Structure formats: C-alpha cells, structure tokens
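Structure first, commentary second.
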Amino acid sequence: RTFSELADFAAVVLIPWNIELTTFYELYTIGTPTLLPTPAWCARLWAKYPTAYGNHPHMHARADPEQPHVHPFSPYPSFHRMTTDFPSMLYWTHYSDFYRYPGAGAFGSVPELFVMLEGLDPAAVSREMQRWNRRAVVDVTAFWVL
C-alpha cells in the first residue's frame with residue numbers, strides 16, 4: 001500500500017512483532033487511527049518472535065559496565081525463559097510509544113476490538129494525532145536548533 005492509501009483508511013489494526021516499529025510512527029504521522037493489543041497481550045506475543053535480544057540476553061551489560069542500571073529488568077529478556085522473563089517484557093512494553101502517544105487505542109480481546117471499531121470516530125482520533133504531531137515538530141525543532 002502507499003501512504004496516501006493508508007491515510008484513507010478509517011483505522012488500522014497493528015499487531016506489533018517488536019516493542020517499537022517504524023510502521024507505527026508512519027501510520028501515526030499520517031494520522032491513521034491505529035489500534036494495538038494491550039501491553040500484556042503484546043508482551044506475550046513478543047516471546048513468539050526470535051530476535052537478537054533473545055540470543056544475547058545480557059547484551060546491555062556489555063554495552064557500558066560502568067553505567068548503573070535504573071530499571072529493575074534488562075531491556076533484553078531471554079525469550080527462552082518466558083515464565084521468568086514475562087515480567088520484564090511487560091515492564092518494557094509500558095515504555096513503548098504504542099501506549100504513550102495519544103489517539104492510539106489498545107484492545108484486550110477480539111470482541112473488545114470490534115466494539116472499539118464500532119464506536120471509533122476516525123476523524124476525531126486523526127485530529128488528536130495531528131495535534132500531537134504538530135507539538136512534536138515544535139519540540140524537536142527547538143531541541144535541534146539550540
């Protein structure tokens with residue numbers, strides 16, 4: 001699909017395969033209402049996708065051993081130990097922009113998704129996203145110009 005086609009969609013349901021996706025930012029920037037699974041659902045899904053993080057669970061420790069860790073969990077959980085690392089995946093999911101940007105919706109089940117879609121006001125959600133985008137441009141411009 002082209003961006004102009006995606007911008008015409010009333011909404012998009014995005015099932016993310018990682019904690020951050022460029023696709024999310026692209027949809028958000030063009031103002032396409034985006035619905036995603038709740039953080040708990042995503043944290044369960046991500047264990048199903050192999051990544052370099054799963055193969056190197058202590059990668060962050062090698063990056064800067066002098067840097068104190070301020071978070072209770074490594075940002076690189078081992079997907080081979082789902083029962084012990086699920087709390088870590090859930091913790092980091094809450095830092096994802098999926099759940100921090102206004103206008104992005106989260107559903108906890110397929111029936112809830114259908115209810116959300118039925119009651120969605122795409123134009124209002126798109127306007128909210130566009131307001132956020134305009135503020136972000138001002139903030140980023142001010143940061144980089146200084």
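Residue numbers start at 1 in each chain; chains themselves are named A, B, ... in the order of the structure tokens; ligands are numbered from 1 in the order shown.
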(request) Give me the residues within 7 Å of Ala11 (chain A) as a ChimeraX atom specification, counting only C-alpha atoms and dropping any in the same chain fewer than 2 places off. (result) /A:9,13,32-34,122
(message) Using only C-alpha atoms, which protein or nucleic acid residues come within 7 Å of His94 (chain A)? Drop anything in the same chain fewer than 4 positions from it, and give the result as a list in words.
(response) Pro39, Leu90 and Tyr99 of chain A
(request) Can you work out the spacing between CA of Arg134 (chain A) and CA of Arg100 (chain A) in Å, to one decimal? (result) 16.1 Å
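Between Ile15 (chain A) and the residues A:Thr141, A:Thr38, A:Ser88, A:Ser74, the shortest atom-to-atom distance, using only C-alpha atoms, involves A:Thr38.
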(message) When you count only C-alpha atoms, which of these residues is closest to Tyr101 (chain A): A:Asn133, A:Thr23, A:Asn18, A:Thr84?
(response)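 Counting only C-alpha atoms, the residue closest to Tyr101 (chain A) is A:Asn133.
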(message) With only C-alpha atoms as the counted atoms, please give the residues lying no more than 9 Å from Ile30 (chain A), apart from itself and same-chain residues fewer than 5 positions off, as a ChimeraX atom specification.
(response) /A:3-4,6-7,25,126,129-130
Within 6 Å of region 42-47 of chain A, counting only C-alpha atoms, which residues show up once you throw out same-chain ones fewer than 5 positions away? Write them as a JSON list (two decimals) with C-alpha atoms, in the first residue's frame, please.
```json
[["chain", "number", "residue", "atom", "x", "y", "z"],
["A", 17, "TRP", "CA", 6.19, -8.05, 16.40],
["A", 37, "PRO", "CA", -3.21, -5.21, 21.56],
["A", 79, "PHE", "CA", 12.62, -15.36, 25.10],
["A", 89, "MET", "CA", 8.72, -7.89, 28.72],
["A", 90, "LEU", "CA", 5.58, -6.46, 30.30]]
```
(request) Counting only C-alpha atoms, figure out which residue out of A:Tyr95, A:Phe86, A:Trp41, A:Tyr28 gets nearest to Ser109 (chain A). (result)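 Closest residue, counting only C-alpha atoms: A:Trp41.
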What's the 12 Å shell around Arg131 (chain A), counting only C-alpha atoms, without same-chain residues fewer than 4 positions away, as an mmCIF file with N, CA, C and O atoms, in the first residue's frame?
```cif
data_model
loop_
_atom_site.group_PDB
_atom_site.id
_atom_site.type_symbol
_atom_site.label_atom_id
_atom_site.label_comp_id
_atom_site.auth_asym_id
_atom_site.auth_seq_id
_atom_site.Cartn_x
_atom_site.Cartn_y
_atom_site.Cartn_z
ATOM 1 N N TYR A 28 1.086 6.828 12.451
ATOM 2 C CA TYR A 28 0.758 7.919 13.362
ATOM 3 C C TYR A 28 0.975 9.273 12.679
ATOM 4 O O TYR A 28 0.150 10.173 12.784
ATOM 5 N N THR A 29 2.065 9.399 11.959
ATOM 6 C CA THR A 29 2.393 10.668 11.307
ATOM 7 C C THR A 29 1.377 11.040 10.239
ATOM 8 O O THR A 29 1.054 12.221 10.074
ATOM 9 N N ILE A 30 0.843 10.055 9.529
ATOM 10 C CA ILE A 30 -0.159 10.382 8.504
ATOM 11 C C ILE A 30 -1.564 10.462 9.096
ATOM 12 O O ILE A 30 -2.522 10.748 8.389
ATOM 13 N N GLY A 31 -1.680 10.249 10.419
ATOM 14 C CA GLY A 31 -2.962 10.436 11.091
ATOM 15 C C GLY A 31 -3.948 9.300 10.937
ATOM 16 O O GLY A 31 -5.151 9.503 11.076
ATOM 17 N N TYR A 101 1.549 7.510 23.063
ATOM 18 C CA TYR A 101 1.051 8.528 22.135
ATOM 19 C C TYR A 101 -0.469 8.600 22.212
ATOM 20 O O TYR A 101 -1.142 7.568 22.178
ATOM 21 N N PRO A 102 -1.018 9.826 22.295
ATOM 22 C CA PRO A 102 -2.481 9.941 22.344
ATOM 23 C C PRO A 102 -3.130 9.512 21.030
ATOM 24 O O PRO A 102 -2.569 9.702 19.958
ATOM 25 N N GLY A 103 -4.280 8.910 21.158
ATOM 26 C CA GLY A 103 -5.037 8.506 19.974
ATOM 27 C C GLY A 103 -4.839 7.061 19.572
ATOM 28 O O GLY A 103 -5.690 6.487 18.904
ATOM 29 N N ALA A 124 -11.976 12.344 14.590
ATOM 30 C CA ALA A 124 -11.574 12.922 15.878
ATOM 31 C C ALA A 124 -10.222 12.368 16.328
ATOM 32 O O ALA A 124 -9.365 13.113 16.807
ATOM 33 N N VAL A 125 -10.025 11.057 16.167
ATOM 34 C CA VAL A 125 -8.758 10.440 16.551
ATOM 35 C C VAL A 125 -7.633 10.988 15.677
ATOM 36 O O VAL A 125 -6.552 11.331 16.164
ATOM 37 N N SER A 126 -7.873 11.114 14.393
ATOM 38 C CA SER A 126 -6.870 11.648 13.475
ATOM 39 C C SER A 126 -6.490 13.081 13.849
ATOM 40 O O SER A 126 -5.311 13.446 13.833
ATOM 41 N N ARG A 127 -7.475 13.898 14.219
ATOM 42 C CA ARG A 127 -7.179 15.276 14.639
ATOM 43 C C ARG A 127 -6.308 15.288 15.894
ATOM 44 O O ARG A 127 -5.360 16.073 16.011
ATOM 45 N N ARG A 135 2.828 19.447 17.796
ATOM 46 C CA ARG A 135 3.591 19.779 19.012
ATOM 47 C C ARG A 135 4.969 19.111 18.986
ATOM 48 O O ARG A 135 5.964 19.716 19.396
ATOM 49 N N ALA A 136 5.021 17.885 18.512
ATOM 50 C CA ALA A 136 6.297 17.165 18.451
ATOM 51 C C ALA A 136 7.270 17.861 17.501
ATOM 52 O O ALA A 136 8.462 17.960 17.794
ATOM 53 N N VAL A 137 6.782 18.365 16.383
ATOM 54 C CA VAL A 137 7.649 19.080 15.436
ATOM 55 C C VAL A 137 8.228 20.324 16.096
ATOM 56 O O VAL A 137 9.425 20.605 15.972
ATOM 57 N N VAL A 138 7.409 21.057 16.833
ATOM 58 C CA VAL A 138 7.888 22.253 17.528
ATOM 59 C C VAL A 138 8.950 21.874 18.556
ATOM 60 O O VAL A 138 10.018 22.499 18.633
#
```
(message) Rounded to one decimal, what separation in Å do you get between CA of Ala104 (chain A) and CA of Val70 (chain A)?
(response)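 Going from CA of Ala104 (chain A) over to CA of Val70 (chain A), I get 27.7 Å.
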(request) Go through A:Phe98, A:Val140, A:Pro75, A:Val12 and flag the residue nearest Leu117 (chain A), using only C-alpha atoms for the distances. (result) A:Val12
(request) Mind giving me the straight-line distance from CA of Glu128 (chain A) to CA of Phe143 (chain A) in Å, one decimal? (result)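 Spanning CA of Glu128 (chain A) to CA of Phe143 (chain A) is a straight-line distance of 22.7 Å.
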